[in-house]
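Here's entry-v3.cif, which has mmCIF, C-alpha atoms:
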```cif
data_input
#
loop_
_atom_site.label_atom_id
_atom_site.label_comp_id
_atom_site.auth_asym_id
_atom_site.auth_seq_id
_atom_site.Cartn_x
_atom_site.Cartn_y
_atom_site.Cartn_z
CA MET A 1 36.94 84.90 72.89
CA ALA A 2 37.64 81.31 71.97
CA ALA A 3 40.38 82.43 69.58
CA ALA A 4 41.98 84.62 72.28
CA ALA A 5 41.89 81.78 74.77
CA ALA A 6 43.46 79.49 72.21
CA ARG A 7 46.29 82.01 71.62
CA LEU A 8 46.90 82.38 75.34
CA GLY A 9 46.94 78.60 75.75
CA TRP A 10 49.41 78.27 72.88
CA GLY A 11 51.65 80.97 74.37
CA ALA A 12 51.72 79.28 77.77
CA ALA A 13 52.57 75.99 76.12
CA ALA A 14 55.38 77.61 74.13
CA ARG A 15 56.86 79.25 77.22
CA ALA A 16 56.72 75.94 79.06
CA ALA A 17 58.43 74.21 76.16
CA GLY A 18 61.14 76.91 76.11
CA LEU A 19 61.71 76.55 79.83
CA ARG A 20 62.02 72.79 79.49
CA ARG A 21 64.54 73.27 76.65
CA ARG A 22 66.70 75.65 78.76
CA LEU A 23 66.56 73.25 81.70
CA TYR A 24 67.60 70.42 79.43
CA ASP A 25 70.51 72.46 78.06
CA MET A 26 71.70 73.28 81.57
CA MET A 27 71.55 69.62 82.64
CA ASN A 28 73.13 68.28 79.44
CA PRO A 29 76.96 68.06 79.96
CA TYR A 30 77.58 68.33 76.21
CA THR A 31 75.70 71.59 75.78
CA ILE A 32 78.32 73.62 77.67
CA LYS A 33 80.75 73.21 74.79
CA LYS A 34 78.44 75.19 72.52
CA GLN A 35 78.38 78.26 74.74
CA PRO A 36 80.81 81.16 74.26
CA LEU A 37 84.02 80.78 76.26
CA HIS A 38 83.89 84.35 77.58
CA GLN A 39 80.85 83.47 79.69
CA PHE A 40 83.01 81.16 81.77
CA VAL A 41 86.13 83.36 82.18
CA GLN A 42 84.49 86.56 83.34
CA ARG A 43 84.64 85.39 86.95
CA PRO A 44 87.54 83.46 88.50
CA LEU A 45 86.50 79.95 89.45
CA VAL A 46 89.06 79.90 92.30
CA PRO A 47 89.58 83.24 94.10
CA LEU A 48 93.16 84.39 94.67
CA SER A 49 94.39 84.06 98.23
CA ALA A 50 94.33 87.23 100.31
CA ALA A 51 98.07 86.88 101.03
CA LEU A 52 98.94 86.84 97.33
CA CYS A 53 96.67 89.79 96.55
CA ASN A 54 98.15 91.83 99.38
CA THR A 55 101.70 91.00 98.31
CA VAL A 56 101.13 92.09 94.74
CA ARG A 57 99.01 95.15 95.44
CA HIS A 58 101.07 96.57 98.30
CA MET A 59 104.50 96.19 96.64
CA PHE A 60 105.29 99.53 95.07
CA ILE A 61 108.95 100.00 94.08
CA GLN A 62 110.26 103.50 93.55
CA THR A 63 113.47 104.44 91.76
CA GLN A 64 115.82 107.27 92.52
CA ASP A 65 118.68 108.60 90.42
CA THR A 66 122.17 108.72 91.88
CA PRO A 67 125.18 110.87 91.00
CA ASN A 68 126.45 107.85 89.07
CA PRO A 69 124.54 107.58 85.76
CA ASN A 70 125.21 103.84 85.71
CA SER A 71 123.64 103.25 89.14
CA LEU A 72 119.98 103.37 90.07
CA LYS A 73 118.48 103.19 93.54
CA PHE A 74 115.45 100.92 93.97
CA ILE A 75 113.29 101.58 97.04
CA PRO A 76 110.87 98.68 97.73
CA GLY A 77 109.04 100.39 100.58
CA LYS A 78 110.15 97.60 102.92
CA PRO A 79 113.25 97.19 105.11
CA VAL A 80 116.18 95.68 103.26
CA LEU A 81 119.06 95.41 105.77
CA GLU A 82 117.59 97.91 108.26
CA THR A 83 120.76 99.02 110.08
CA ARG A 84 123.63 97.90 107.86
CA THR A 85 124.80 97.61 104.27
CA MET A 86 126.22 94.89 102.02
CA ASP A 87 128.20 95.30 98.82
CA PHE A 88 128.29 92.74 96.00
CA PRO A 89 130.76 94.06 93.40
CA THR A 90 130.84 90.79 91.41
CA PRO A 91 128.60 87.73 90.94
CA ALA A 92 131.09 85.62 92.92
CA THR A 93 130.53 87.76 96.00
CA ALA A 94 126.75 87.17 95.99
CA PHE A 95 126.84 83.58 97.24
CA ARG A 96 125.27 84.53 100.59
CA SER A 97 122.28 86.41 99.18
CA PRO A 98 119.56 84.76 97.04
CA LEU A 99 118.31 88.17 95.88
CA ALA A 100 121.76 89.35 94.83
CA ARG A 101 122.29 86.14 92.87
CA GLN A 102 118.98 86.61 91.05
CA LEU A 103 119.80 90.21 90.19
CA PHE A 104 123.17 89.20 88.74
CA ARG A 105 121.35 86.83 86.38
CA ILE A 106 119.86 89.84 84.62
CA GLU A 107 121.96 90.63 81.57
CA GLY A 108 123.71 93.97 81.96
CA VAL A 109 123.89 94.07 85.78
CA LYS A 110 127.44 94.80 86.96
CA SER A 111 127.09 95.11 90.74
CA VAL A 112 124.50 95.10 93.52
CA PHE A 113 124.42 96.96 96.83
CA PHE A 114 121.98 96.58 99.74
CA GLY A 115 121.27 99.51 102.02
CA PRO A 116 119.03 99.81 105.08
CA ASP A 117 115.93 100.40 102.96
CA PHE A 118 117.11 100.42 99.35
CA ILE A 119 118.85 98.35 96.68
CA THR A 120 121.36 99.93 94.31
CA VAL A 121 121.93 98.25 90.96
CA THR A 122 124.82 99.30 88.73
CA LYS A 123 124.73 98.49 85.03
CA GLU A 124 127.73 97.57 82.92
CA SER A 125 127.84 100.62 80.66
CA GLU A 126 126.05 103.84 79.78
CA GLU A 127 124.98 102.33 76.45
CA LEU A 128 122.54 100.04 78.26
CA ASP A 129 119.07 101.57 78.55
CA TRP A 130 117.57 101.57 82.04
CA ASN A 131 114.12 101.22 80.46
CA LEU A 132 115.16 97.76 79.27
CA LEU A 133 116.70 96.70 82.58
CA LYS A 134 114.14 98.05 85.03
CA PRO A 135 111.24 95.65 84.25
CA ASP A 136 113.42 92.60 85.02
CA ILE A 137 114.81 94.24 88.16
CA TYR A 138 111.31 95.17 89.36
CA ALA A 139 110.07 91.61 88.80
CA THR A 140 113.07 90.05 90.54
CA ILE A 141 112.70 92.23 93.63
CA MET A 142 108.94 91.70 93.83
CA ASP A 143 109.21 87.93 93.42
CA PHE A 144 111.88 87.74 96.11
CA PHE A 145 109.91 89.68 98.73
CA ALA A 146 106.81 87.63 97.89
CA SER A 147 108.76 84.39 98.43
CA GLY A 148 109.52 85.19 102.07
CA LEU A 149 113.11 83.96 101.71
CA PRO A 150 115.81 85.55 103.90
CA LEU A 151 117.85 88.26 102.26
CA VAL A 152 121.07 86.73 103.56
CA THR A 153 121.32 82.97 104.03
CA GLU A 154 124.45 82.95 106.21
CA GLU A 155 125.83 85.12 108.96
CA THR A 156 128.12 87.73 107.49
CA SER A 157 131.74 87.78 108.48
CA SER A 158 132.93 90.55 110.74
CA GLY A 159 135.66 91.69 108.30
CA GLU A 160 134.86 95.24 107.31
CA ALA A 161 132.06 95.54 109.82
CA GLY A 162 134.73 95.46 112.51
CA ASP A 163 136.65 98.18 110.70
CA THR A 164 133.68 100.50 110.70
CA LEU A 165 132.52 99.88 114.27
CA GLY A 166 134.16 101.67 117.12
CA SER A 167 136.49 99.55 119.24
CA GLU A 168 138.04 99.86 122.66
CA GLU A 169 141.42 99.49 120.96
CA ASP A 170 140.90 102.64 118.89
CA ASP A 171 142.80 105.70 119.99
CA GLU A 172 141.01 109.01 120.43
CA VAL A 173 141.59 110.24 116.87
CA VAL A 174 140.41 106.99 115.23
CA ALA A 175 137.35 106.90 117.47
CA MET A 176 136.48 110.47 116.41
CA ILE A 177 136.96 109.59 112.73
CA LYS A 178 134.66 106.58 112.98
CA GLU A 179 132.01 108.51 114.90
CA LEU A 180 132.02 111.33 112.35
CA LEU A 181 131.82 108.88 109.48
CA ASP A 182 128.94 106.99 111.08
CA THR A 183 126.85 109.98 112.17
CA ARG A 184 127.49 112.65 109.53
CA ILE A 185 129.06 111.22 106.38
CA ARG A 186 127.68 107.73 105.78
CA PRO A 187 123.99 108.76 105.98
CA THR A 188 124.62 111.36 103.26
CA VAL A 189 126.48 108.89 101.05
CA GLN A 190 123.72 106.30 101.53
CA GLU A 191 121.18 108.83 100.28
CA ASP A 192 123.07 108.65 96.98
CA GLY A 193 122.83 104.84 96.90
CA GLY A 194 126.28 104.02 98.26
CA ASP A 195 128.37 103.82 101.41
CA VAL A 196 131.85 104.60 102.72
CA ILE A 197 133.82 102.18 104.92
CA TYR A 198 136.72 103.03 107.21
CA LYS A 199 139.85 101.01 106.36
CA GLY A 200 142.61 102.65 108.36
CA PHE A 201 144.41 105.79 109.55
CA GLU A 202 148.15 106.17 109.06
CA ASP A 203 150.44 109.19 108.96
CA GLY A 204 147.51 111.58 108.97
CA ILE A 205 145.79 109.86 106.01
CA VAL A 206 142.34 108.30 106.41
CA GLN A 207 141.88 105.26 104.19
CA LEU A 208 138.32 104.75 102.98
CA LYS A 209 136.54 102.35 100.68
CA LEU A 210 133.59 103.49 98.58
CA GLN A 211 130.74 101.10 97.85
CA GLY A 212 127.54 100.93 95.81
CA SER A 213 126.92 103.76 93.38
CA CYS A 214 130.08 105.52 94.62
CA THR A 215 132.41 102.78 93.37
CA SER A 216 132.50 103.80 89.72
CA CYS A 217 130.98 107.25 90.05
CA PRO A 218 132.77 109.95 88.01
CA SER A 219 132.40 112.35 90.93
CA SER A 220 133.77 109.97 93.58
CA ILE A 221 137.08 111.84 93.82
CA ILE A 222 135.20 115.11 94.33
CA THR A 223 133.14 113.43 97.02
CA LEU A 224 136.28 112.25 98.79
CA LYS A 225 138.27 115.46 98.58
CA ASN A 226 135.70 118.25 98.69
CA GLY A 227 133.17 116.47 100.87
CA ILE A 228 134.57 113.85 103.22
CA GLN A 229 138.10 115.19 103.53
CA ASN A 230 137.00 118.75 104.21
CA MET A 231 134.55 117.66 106.91
CA LEU A 232 137.07 115.38 108.63
CA GLN A 233 139.75 118.09 108.59
CA PHE A 234 137.32 120.67 109.94
CA TYR A 235 136.46 118.60 113.02
CA ILE A 236 139.71 116.62 113.42
CA PRO A 237 142.92 118.63 112.89
CA GLU A 238 145.03 115.45 112.94
CA VAL A 239 143.55 114.43 109.57
CA GLU A 240 145.82 115.58 106.73
CA GLY A 241 144.03 113.85 103.87
CA VAL A 242 141.77 111.07 102.61
CA GLU A 243 142.77 108.19 100.36
CA GLN A 244 140.49 105.77 98.51
CA VAL A 245 141.28 102.08 98.92
CA MET A 246 140.86 100.03 95.75
CA GLU A 247 140.83 96.25 96.17
CA ASP A 248 141.55 93.75 93.47
CA GLU A 249 138.30 92.13 92.27
CA SER A 250 139.76 88.65 92.40
CA ASN A 251 140.32 89.01 96.14
CA GLU A 252 137.12 90.87 96.94
CA LYS A 253 134.46 89.29 99.14
CA GLU A 254 131.03 90.67 99.88
CA THR A 255 131.40 93.43 102.43
CA ASN A 256 128.98 94.57 105.07
CA SER A 257 128.80 97.27 107.65
CA PRO A 258 126.49 97.82 110.60
#
```
Can you give me the file's structure in the form of structure tokens?
Amino acid sequence: MAAAAARLGWGAAARAAGLRRRLYDMMNPYTIKKQPLHQFVQRPLVPLSAALCNTVRHMFIQTQDTPNPNSLKFIPGKPVLETRTMDFPTPATAFRSPLARQLFRIEGVKSVFFGPDFITVTKESEELDWNLLKPDIYATIMDFFASGLPLVTEETSSGEAGDTLGSEEDDEVVAMIKELLDTRIRPTVQEDGGDVIYKGFEDGIVQLKLQGSCTSCPSSIITLKNGIQNMLQFYIPEVEGVEQVMEDESNEKETNSP
């Protein structure tokens, strides 16, 4: 009995000594250096803000192929320009858009186009692999939307927007052409990552400018002749043909349409 009591007394004393040692280690500021680093990185010391978490988690960008193998449509799941479009065929034309400027900084990007709810990026050549370009494009778009900066920093000029909008000065035929373009043709072209802008009507010929993925698309002529021209001629007998307007890059400015 005495021996058992002695063992129990020794055990209690040992446990007390161990507890004092652990308490000492916890209070000693130098002891923390001896402990494994992973014990201190398992939990974040400062929790991420809810706004940042929501921005990262809720930003899911989809891609969609276009008829142009060099153009890819990026759909951020958020409004881009909502009711209009803007074309940036060269880096010099992107001075009014912070996002367009950032996208042009990615090596291999040739042109950028903003739609109501999508962004079309065109690469310089077919030799460039989209799998190499897409990560940088994804990151640029996500960072921009997370920043809260405006997509366009200045009011856009009315240049081509005025050409596309109906006007009281338009005669009946021109008004019908613009209405058909706006309600039937442009929505279809925008589905393919591009747009078509009215530039004029003279001697039965409708002058149009293609933008976005349609600019350098191999099938753009087919789109003009078999698609747009046939529809315009079907509804408007005065239309004899459709002609694509090509502007010199040195004189091009960013274009927008409502």
- Message: Under the PyMOL selection byres ((chain A and resi 100) around 10), which residues of this model are included? Write them out as a VMD selection string.
- Response: chain A and resid 87 to 88 90 to 91 93 to 99 101 to 105 111 to 114 119 121 140 to 141 151 to 152
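Using the PyMOL selection byres ((chain A and resi 64) around 8) on the file at hand returns these residues: Gln62, Thr63, Asp65, Thr66, Leu72, Lys73, Phe74 and Ile75 of chain A.
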- Task: Report the residues retrieved by the PyMOL selection byres ((chain A and resi 244) around 6) from the displayed file, expressed as a VMD selection string.
- Result: chain A and resid 207 to 209 243 245
- Given the choices A:Thr85, A:Lys78, A:Arg184, A:Val242, which gets closest to Lys199 (chain A) if the distance is worked out from all atoms listed in the file?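 The answer is A:Val242, which sits nearest to Lys199 (chain A).
If all atoms listed in the file are the atoms counted, then among A:Ile185, A:Glu191, A:Asp143, A:Glu202 the closest residue to Leu224 (chain A) is A:Ile185.
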- Coordinates-based distance that separates CA of Gly227 (chain A) from CA of Asp195 (chain A) (Å, one decimal):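 The value is 13.5 Å.
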- Excluding Asp117 (chain A) and any residue of its chain fewer than 6 positions from it, enumerate the residues within 8 Å of it, using all atoms listed in the file, and give them as JSON, numbers by chain. {"A": [75, 76, 77, 78, 79, 80, 81, 82]}
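Nearest to Tyr138 (chain A) of all the residues A:Ile106, A:Leu181, A:Val206, A:Ile61 is A:Ile61, based on only C-alpha atoms.
Comparing the minimum interatomic distances between Gly115 (chain A) and each of A:Met59, A:Val196, A:Ile221, A:Ile205, counting all atoms listed in the file, we find that A:Val196 sits nearest.
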- Correct to one decimal, the distance CA of Ser71 (chain A)-CA of Glu107 (chain A) is 14.8 Å
- Message: One number please: CA of Leu128 (chain A) to CA of Lys110 (chain A), in Å, one decimal.
- Response: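 Between CA of Leu128 (chain A) and CA of Lys110 (chain A) the gap works out to 11.3 Å.
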- Query: When distances are computed from only C-alpha atoms, which of A:Pro116, A:Gly108, A:Pro150, A:Pro237 shows the smallest separation from Gly193 (chain A)?
  - Reply: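 Result for the nearest residue to Gly193 (chain A): A:Pro116.
In this comparison, which uses only C-alpha atoms, the residue of A:Pro187, A:Pro135, A:Pro67, A:Gly148 approaching Thr83 (chain A) most closely is A:Pro187.
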Reconstruct N, CA, C and O atoms of region 218-232 of chain A from the incomplete input and present them as a compact mmCIF listing (two decimals), keeping the file's coordinate frame.
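Now in result.txt:
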```txt
# COMPACT_ATOMS: atom_id res chain seq x y z
N PRO A 218 131.79 108.97 88.50
CA PRO A 218 132.77 109.95 88.01
C PRO A 218 133.10 111.03 89.03
O PRO A 218 134.19 111.61 88.99
N SER A 219 132.18 111.29 89.95
CA SER A 219 132.40 112.35 90.93
C SER A 219 132.88 111.81 92.27
O SER A 219 132.85 112.53 93.27
N SER A 220 133.35 110.55 92.31
CA SER A 220 133.77 109.97 93.58
C SER A 220 134.97 110.69 94.17
O SER A 220 135.09 110.86 95.39
N ILE A 221 135.91 111.12 93.33
CA ILE A 221 137.08 111.84 93.82
C ILE A 221 136.66 113.18 94.42
O ILE A 221 137.17 113.59 95.47
N ILE A 222 135.71 113.84 93.78
CA ILE A 222 135.20 115.11 94.33
C ILE A 222 134.53 114.87 95.67
O ILE A 222 134.69 115.65 96.62
N THR A 223 133.79 113.78 95.75
CA THR A 223 133.14 113.43 97.02
C THR A 223 134.17 113.22 98.12
O THR A 223 134.01 113.70 99.26
N LEU A 224 135.25 112.52 97.80
CA LEU A 224 136.28 112.25 98.79
C LEU A 224 136.99 113.52 99.24
O LEU A 224 137.15 113.78 100.43
N LYS A 225 137.43 114.30 98.27
CA LYS A 225 138.27 115.46 98.58
C LYS A 225 137.47 116.65 99.09
O LYS A 225 137.76 117.22 100.14
N ASN A 226 136.44 117.04 98.34
CA ASN A 226 135.70 118.25 98.69
C ASN A 226 134.64 118.01 99.76
O ASN A 226 134.24 118.94 100.44
N GLY A 227 134.20 116.77 99.89
CA GLY A 227 133.17 116.47 100.87
C GLY A 227 133.72 115.86 102.13
O GLY A 227 133.80 116.49 103.18
N ILE A 228 134.14 114.60 102.03
CA ILE A 228 134.57 113.85 103.22
C ILE A 228 135.84 114.43 103.83
O ILE A 228 135.92 114.64 105.04
N GLN A 229 136.83 114.69 102.99
CA GLN A 229 138.10 115.19 103.53
C GLN A 229 137.92 116.53 104.23
O GLN A 229 138.46 116.74 105.33
N ASN A 230 137.19 117.44 103.61
CA ASN A 230 137.00 118.75 104.21
C ASN A 230 136.29 118.66 105.56
O ASN A 230 136.64 119.37 106.51
N MET A 231 135.28 117.78 105.65
CA MET A 231 134.55 117.66 106.91
C MET A 231 135.44 117.05 108.00
O MET A 231 135.44 117.50 109.15
N LEU A 232 136.20 116.00 107.65
CA LEU A 232 137.07 115.38 108.63
C LEU A 232 138.13 116.37 109.12
O LEU A 232 138.43 116.45 110.32
```
